[in-house]
Amino acid sequence: MTTSIKNLPDTEQVLSGNGACGGCPATMALRIVGKALGPNAIMLLTPSCSVASMGMTPKLGYNWPGLNICFATAGSSASGVIHALEVMKEKGRLPGELPTVFSWVGDGGTYDIGFQSLSAAAERNDNIIHFCYNNEAYSNTGVQRSGATPRGSFTTTTPTGKSQPKKNMALLMLEHNIPYVATATVAYPGDLYDKVVKAKNTPGMKYIEILAPCYLGWQFDMADTVQMSRMAVRSGAWLLWEAENGNISFNNPTAPIINGKKDAAPVEEYLMKQGRFNRLLKGSDAQQRIAEIQGDIDREIAFMRERAKISI
Amino acid sequence: MKSVTKAYRPISWPMKGAGGDTGSWRTHRPVVNVQLCNQCQLCWVYCPEAVIDRYETNIDYRYCKGCGVCATECPTGAISMQKEE
Ligand SMILES: Cc1ncc(C[n+]2csc(CCOP(=O)(O)OP(=O)(O)O)c2C)c(N)n1
Ligand code: SF4
Ligand code: SF4
Ligand code: SF4
Ligand SMILES: [Mg+2]
């Protein structure tokens, strides 16, 4: 059973009055992550919105020891921290419980520029959690395309719409044979919470990716952040799943879509609510563009359904 | 040299208001009608700013950015967004 909202802990690791935009999905997600991890953790951040959101020195908007590290280094930096802590523990120089070491990184820092160091940390099965909050673009620098930007989306570097589909980063992480991989999104905080608790209690490398609909990059009304997250899942544009020791299971409301009990909502409604798509869906090729995007979603659903059948 | 190093070391401390009094960013203010509130805590869980009291549904206007997520998600329509003067 998913933890209900009323049973989430009171712990607040994200402090009010931070520097994030109003309605920021990254902050929204980080609040829930904080409830699951608690204060005994060390945070690593690569350049991103969540760094800009930390606020102005000498104040800090997150209640963890945090390190701002170079863009490409989330995997190697987190590995360094956990190795140092483990050695200190071994030598009896670290009292109390070993802190959770986690990276809080955007899709740019995960899919693209940080991929190599993350892959290496996963291959070593280092005892860290890598969170990717995925707003499907480089938002902090003004919304450029990333490997997570879906086909058809406007960004400042894809003014006529991105022509390639996004990659399936969570699946790539799963294929590193790590003990825990999960996807989540802000509309389902209980699901996210449970996944982070699982990751915290699993030794070795963990990867959790959280879809974070960013009103600024996606061009919708900021009050609709949670609505957009829900629509992404209901349309199948975002799939909720987790894999414990390589065995994939799907979470609600994705599960009935995968096993054919319920049809995903047509993607058109989701697209039309976002300026990054609908500004390009006006001409005579609109239906063909929508069909292409729908095709990418259908392919992912079919692929993940079949991939989940393999459990060795 | 030592004191210079100390003065310039780039270390921050956890504190509310790291982005300033962010309530000043608001164009609209969420106002809760407690009569309509069923204490579901949805506004509390979705508020990115952690400014809604979980049990009393009070809002800390010093930092509330007025995003309106709470009003959109409230299932009973207890929260309305009112234009700031
Ligand atoms: C090596 C390097 N290249 C470029 C930048 C500039 N930069 C800072 S934040 C950012 C965007 C990060 O995108 P993402 O990781 O998706 O996080 P988001 O801003 O979307 O939260 C970029 C390109 C940098 N700081 N370092
Ligand atoms: S641009 Fe988007 S992700 Fe970045 S702080 Fe604003 S709402 Fe959050
Ligand atoms: S308007 Fe936004 S910041 Fe203010 S209480 Fe509602 S959800 Fe929180
Ligand atoms: S979402 Fe609405 S009904 Fe639920 S606690 Fe908040 S104000 Fe009350
Ligand atoms: Mg991003």
# chains A, B, ... in the order shown; residues from 1 in each chain; ligands from 1
>>> interface_residues(of="chain B", to="chain A", cutoff="7 Å", atoms="only C-alpha atoms", output="ChimeraX atom specification")
/B:11-22,41,46-51,63,65-69,72
>>> write_last_selection(atoms="C-alpha atoms", output="PDB file, in the first residue's frame")
ATOM      1  CA  ILE B  11      29.754  28.516   3.127  1.00  0.00           C
ATOM      2  CA  SER B  12      26.054  29.075   3.775  1.00  0.00           C
ATOM      3  CA  TRP B  13      23.783  28.018   6.620  1.00  0.00           C
ATOM      4  CA  PRO B  14      20.236  26.610   6.443  1.00  0.00           C
ATOM      5  CA  MET B  15      17.763  29.406   7.059  1.00  0.00           C
ATOM      6  CA  LYS B  16      14.298  30.445   5.999  1.00  0.00           C
ATOM      7  CA  GLY B  17      14.201  33.344   3.556  1.00  0.00           C
ATOM      8  CA  ALA B  18      17.372  32.380   1.676  1.00  0.00           C
ATOM      9  CA  GLY B  19      15.742  33.977  -1.373  1.00  0.00           C
ATOM     10  CA  GLY B  20      14.524  36.975   0.663  1.00  0.00           C
ATOM     11  CA  ASP B  21      10.957  37.666   1.766  1.00  0.00           C
ATOM     12  CA  THR B  22       9.527  35.823  -1.204  1.00  0.00           C
ATOM     13  CA  GLN B  41      -3.803  18.045   3.642  1.00  0.00           C
ATOM     14  CA  TYR B  46       1.735  20.067  -2.842  1.00  0.00           C
ATOM     15  CA  CYS B  47       2.820  23.529  -1.646  1.00  0.00           C
ATOM     16  CA  PRO B  48       6.378  23.810  -3.025  1.00  0.00           C
ATOM     17  CA  GLU B  49       7.215  26.450  -0.454  1.00  0.00           C
ATOM     18  CA  ALA B  50       6.230  24.537   2.706  1.00  0.00           C
ATOM     19  CA  VAL B  51       4.234  27.534   3.941  1.00  0.00           C
ATOM     20  CA  TYR B  63       7.159  33.509   2.065  1.00  0.00           C
ATOM     21  CA  LYS B  65       4.908  33.000  -3.580  1.00  0.00           C
ATOM     22  CA  GLY B  66       1.274  32.959  -4.688  1.00  0.00           C
ATOM     23  CA  CYS B  67       1.735  30.177  -7.234  1.00  0.00           C
ATOM     24  CA  GLY B  68      -1.857  28.986  -6.831  1.00  0.00           C
ATOM     25  CA  VAL B  69      -1.042  25.269  -6.791  1.00  0.00           C
ATOM     26  CA  THR B  72      -5.969  24.326  -8.016  1.00  0.00           C
TER      27      THR B  72
END
>>> select_by_dssp(residues="chain B", states="strand (DSSP E or B)", output="PyMOL selection string")
chain B and resi 13-14+28-32+52+59+79-83
>>> write_last_selection(atoms="N, CA, C and O atoms", output="compact mmCIF listing (two decimals), in the first residue's frame")
# COMPACT_ATOMS: atom_id res chain seq x y z
N TRP B 13 24.45 28.75 5.54
CA TRP B 13 23.78 28.02 6.62
C TRP B 13 22.29 27.93 6.37
O TRP B 13 21.70 28.89 5.87
N PRO B 14 21.67 26.78 6.70
CA PRO B 14 20.24 26.61 6.44
C PRO B 14 19.40 27.64 7.20
O PRO B 14 19.57 27.80 8.41
N HIS B 28 -1.13 37.30 -6.48
CA HIS B 28 -2.40 36.86 -5.91
C HIS B 28 -2.13 36.11 -4.61
O HIS B 28 -1.13 35.41 -4.49
N ARG B 29 -3.05 36.27 -3.69
CA ARG B 29 -2.88 35.69 -2.35
C ARG B 29 -3.89 34.56 -2.15
O ARG B 29 -5.09 34.74 -2.39
N PRO B 30 -3.41 33.36 -1.75
CA PRO B 30 -4.35 32.29 -1.46
C PRO B 30 -5.05 32.54 -0.13
O PRO B 30 -4.39 32.82 0.87
N VAL B 31 -6.38 32.49 -0.14
CA VAL B 31 -7.13 32.70 1.10
C VAL B 31 -7.98 31.47 1.35
O VAL B 31 -8.70 30.99 0.47
N VAL B 32 -7.85 30.92 2.57
CA VAL B 32 -8.54 29.67 2.90
C VAL B 32 -9.87 29.97 3.60
O VAL B 32 -9.91 30.74 4.56
N ILE B 52 2.26 26.11 4.22
CA ILE B 52 0.91 25.84 4.72
C ILE B 52 0.99 24.94 5.94
O ILE B 52 1.65 23.90 5.90
N ILE B 59 -1.52 29.96 6.35
CA ILE B 59 -0.48 30.19 5.33
C ILE B 59 0.48 31.27 5.82
O ILE B 59 0.06 32.31 6.31
N ILE B 79 -9.89 27.18 -1.21
CA ILE B 79 -8.85 28.21 -1.36
C ILE B 79 -9.14 29.06 -2.59
O ILE B 79 -9.31 28.54 -3.68
N SER B 80 -9.21 30.36 -2.39
CA SER B 80 -9.40 31.25 -3.55
C SER B 80 -8.17 32.16 -3.67
O SER B 80 -7.54 32.52 -2.69
N MET B 81 -7.85 32.52 -4.90
CA MET B 81 -6.70 33.39 -5.15
C MET B 81 -7.23 34.82 -5.32
O MET B 81 -7.99 35.10 -6.26
N GLN B 82 -6.83 35.68 -4.41
CA GLN B 82 -7.34 37.05 -4.44
C GLN B 82 -6.22 38.02 -4.80
O GLN B 82 -5.11 37.91 -4.28
N LYS B 83 -6.54 38.94 -5.68
CA LYS B 83 -5.53 39.88 -6.17
C LYS B 83 -4.94 40.70 -5.02
O LYS B 83 -5.67 41.19 -4.16
>>> residues_near_ligand(ligand="ligand 5", cutoff="6 Å", atoms="only C-alpha atoms and all ligand atoms", output="list in words")
Gly106, Asp107, Gly108, Asn134, Asn135, Glu136, Ala137, Tyr138 and Ser139 of chain A
>>> residues_near_ligand(ligand="ligand 1", cutoff="9 Å", atoms="only C-alpha atoms and all ligand atoms", output="PyMOL selection string")
chain A and resi 26+46-52+70-72+105-114+132-146+148+214+217
>>> residues_near_ligand(ligand="ligand 4", cutoff="7 Å", atoms="only C-alpha atoms and all ligand atoms", output="short mmCIF file (atom, residue, chain, number, x, y, z; two decimals) with all heavy atoms, in the first residue's frame")
data_model
loop_
_atom_site.label_atom_id
_atom_site.label_comp_id
_atom_site.auth_asym_id
_atom_site.auth_seq_id
_atom_site.Cartn_x
_atom_site.Cartn_y
_atom_site.Cartn_z
N VAL B 32 -7.85 30.92 2.57
CA VAL B 32 -8.54 29.67 2.90
C VAL B 32 -9.87 29.97 3.60
O VAL B 32 -9.91 30.74 4.56
CB VAL B 32 -7.66 28.80 3.84
CG1 VAL B 32 -8.34 27.44 4.09
CG2 VAL B 32 -6.27 28.61 3.26
N LEU B 36 -15.07 25.52 4.46
CA LEU B 36 -15.12 24.53 3.37
C LEU B 36 -14.01 23.48 3.48
O LEU B 36 -14.02 22.48 2.79
CB LEU B 36 -14.98 25.24 2.01
CG LEU B 36 -16.12 26.17 1.59
CD1 LEU B 36 -15.80 26.84 0.25
CD2 LEU B 36 -17.43 25.40 1.49
N CYS B 37 -13.05 23.71 4.36
CA CYS B 37 -11.88 22.84 4.43
C CYS B 37 -12.21 21.51 5.12
O CYS B 37 -12.81 21.49 6.17
CB CYS B 37 -10.76 23.55 5.19
SG CYS B 37 -9.34 22.51 5.52
N ASN B 38 -11.81 20.40 4.47
CA ASN B 38 -12.06 19.08 5.08
C ASN B 38 -10.77 18.46 5.63
O ASN B 38 -10.72 17.26 5.87
CB ASN B 38 -12.74 18.14 4.08
CG ASN B 38 -11.82 17.80 2.91
OD1 ASN B 38 -10.62 18.10 2.94
ND2 ASN B 38 -12.35 17.16 1.89
N GLN B 39 -9.73 19.26 5.77
CA GLN B 39 -8.47 18.82 6.38
C GLN B 39 -7.79 17.68 5.63
O GLN B 39 -7.13 16.84 6.24
CB GLN B 39 -8.72 18.36 7.82
CG GLN B 39 -9.63 19.27 8.62
CD GLN B 39 -8.86 20.09 9.62
OE1 GLN B 39 -8.22 19.55 10.49
NE2 GLN B 39 -8.89 21.38 9.46
N CYS B 40 -7.92 17.66 4.32
CA CYS B 40 -7.35 16.56 3.54
C CYS B 40 -5.82 16.65 3.43
O CYS B 40 -5.16 15.70 3.08
CB CYS B 40 -7.98 16.51 2.16
SG CYS B 40 -7.51 17.91 1.11
N GLN B 41 -5.25 17.81 3.67
CA GLN B 41 -3.80 18.04 3.64
C GLN B 41 -3.20 18.07 2.24
O GLN B 41 -1.98 18.07 2.08
CB GLN B 41 -3.05 17.03 4.52
CG GLN B 41 -3.50 17.05 5.97
CD GLN B 41 -2.66 16.14 6.87
OE1 GLN B 41 -1.69 15.54 6.44
NE2 GLN B 41 -3.07 16.06 8.12
N LEU B 42 -4.05 18.06 1.21
CA LEU B 42 -3.50 18.10 -0.16
C LEU B 42 -2.74 19.40 -0.43
O LEU B 42 -1.67 19.40 -1.03
CB LEU B 42 -4.62 17.91 -1.20
CG LEU B 42 -5.09 16.48 -1.40
CD1 LEU B 42 -6.33 16.44 -2.29
CD2 LEU B 42 -3.99 15.61 -2.02
N CYS B 43 -3.30 20.52 0.04
CA CYS B 43 -2.61 21.80 -0.18
C CYS B 43 -1.24 21.78 0.51
O CYS B 43 -0.25 22.25 -0.02
CB CYS B 43 -3.45 22.97 0.31
SG CYS B 43 -3.95 22.84 2.03
N TRP B 44 -1.21 21.19 1.70
CA TRP B 44 0.04 21.10 2.46
C TRP B 44 1.09 20.29 1.69
O TRP B 44 2.25 20.69 1.59
CB TRP B 44 -0.24 20.47 3.83
CG TRP B 44 1.00 20.03 4.55
CD1 TRP B 44 1.87 20.83 5.22
CD2 TRP B 44 1.53 18.70 4.62
NE1 TRP B 44 2.91 20.07 5.72
CE2 TRP B 44 2.72 18.77 5.37
CE3 TRP B 44 1.11 17.45 4.14
CZ2 TRP B 44 3.50 17.64 5.64
CZ3 TRP B 44 1.88 16.34 4.40
CH2 TRP B 44 3.07 16.44 5.15
N THR B 57 -4.17 24.72 8.46
CA THR B 57 -4.26 25.32 7.12
C THR B 57 -3.99 26.83 7.13
O THR B 57 -4.53 27.57 6.31
CB THR B 57 -5.62 25.02 6.43
OG1 THR B 57 -6.14 23.81 6.96
CG2 THR B 57 -5.46 24.83 4.93
N CYS B 70 -1.99 25.34 -4.54
CA CYS B 70 -2.88 24.91 -3.46
C CYS B 70 -4.34 25.09 -3.87
O CYS B 70 -5.17 24.20 -3.67
CB CYS B 70 -2.58 25.67 -2.18
SG CYS B 70 -2.59 27.47 -2.39
N GLU B 73 -5.41 22.50 -6.51
CA GLU B 73 -5.49 21.13 -6.02
C GLU B 73 -6.54 20.91 -4.94
O GLU B 73 -6.95 19.78 -4.69
CB GLU B 73 -4.12 20.65 -5.52
CG GLU B 73 -3.05 20.58 -6.61
CD GLU B 73 -3.51 19.80 -7.82
OE1 GLU B 73 -4.12 18.72 -7.65
OE2 GLU B 73 -3.29 20.27 -8.96
N CYS B 74 -6.98 21.96 -4.28
CA CYS B 74 -7.96 21.81 -3.20
C CYS B 74 -9.25 21.18 -3.73
O CYS B 74 -9.88 21.74 -4.62
CB CYS B 74 -8.27 23.15 -2.55
SG CYS B 74 -9.58 23.01 -1.32
N PRO B 75 -9.65 20.03 -3.21
CA PRO B 75 -10.81 19.34 -3.78
C PRO B 75 -12.14 19.98 -3.41
O PRO B 75 -13.16 19.68 -4.03
CB PRO B 75 -10.70 17.92 -3.19
CG PRO B 75 -9.94 18.09 -1.93
CD PRO B 75 -9.01 19.25 -2.14
N THR B 76 -12.17 20.85 -2.41
CA THR B 76 -13.45 21.42 -1.98
C THR B 76 -13.61 22.89 -2.39
O THR B 76 -14.61 23.52 -2.05
CB THR B 76 -13.59 21.35 -0.44
OG1 THR B 76 -12.62 22.24 0.14
CG2 THR B 76 -13.36 19.95 0.10
N GLY B 77 -12.63 23.43 -3.08
CA GLY B 77 -12.71 24.84 -3.47
C GLY B 77 -12.57 25.78 -2.28
O GLY B 77 -13.05 26.91 -2.32
N ALA B 78 -11.88 25.33 -1.23
CA ALA B 78 -11.76 26.15 -0.03
C ALA B 78 -10.73 27.28 -0.19
O ALA B 78 -10.72 28.20 0.61
CB ALA B 78 -11.38 25.27 1.16
N ILE B 79 -9.89 27.18 -1.21
CA ILE B 79 -8.85 28.21 -1.36
C ILE B 79 -9.14 29.06 -2.59
O ILE B 79 -9.31 28.54 -3.68
CB ILE B 79 -7.44 27.57 -1.48
CG1 ILE B 79 -7.19 26.61 -0.31
CG2 ILE B 79 -6.36 28.65 -1.55
CD1 ILE B 79 -5.84 25.94 -0.33
#
>>> atom_distance(atom1="atom CA of Lys195 of chain A", atom2="atom CA of Asn247 of chain A")
14.5 Å
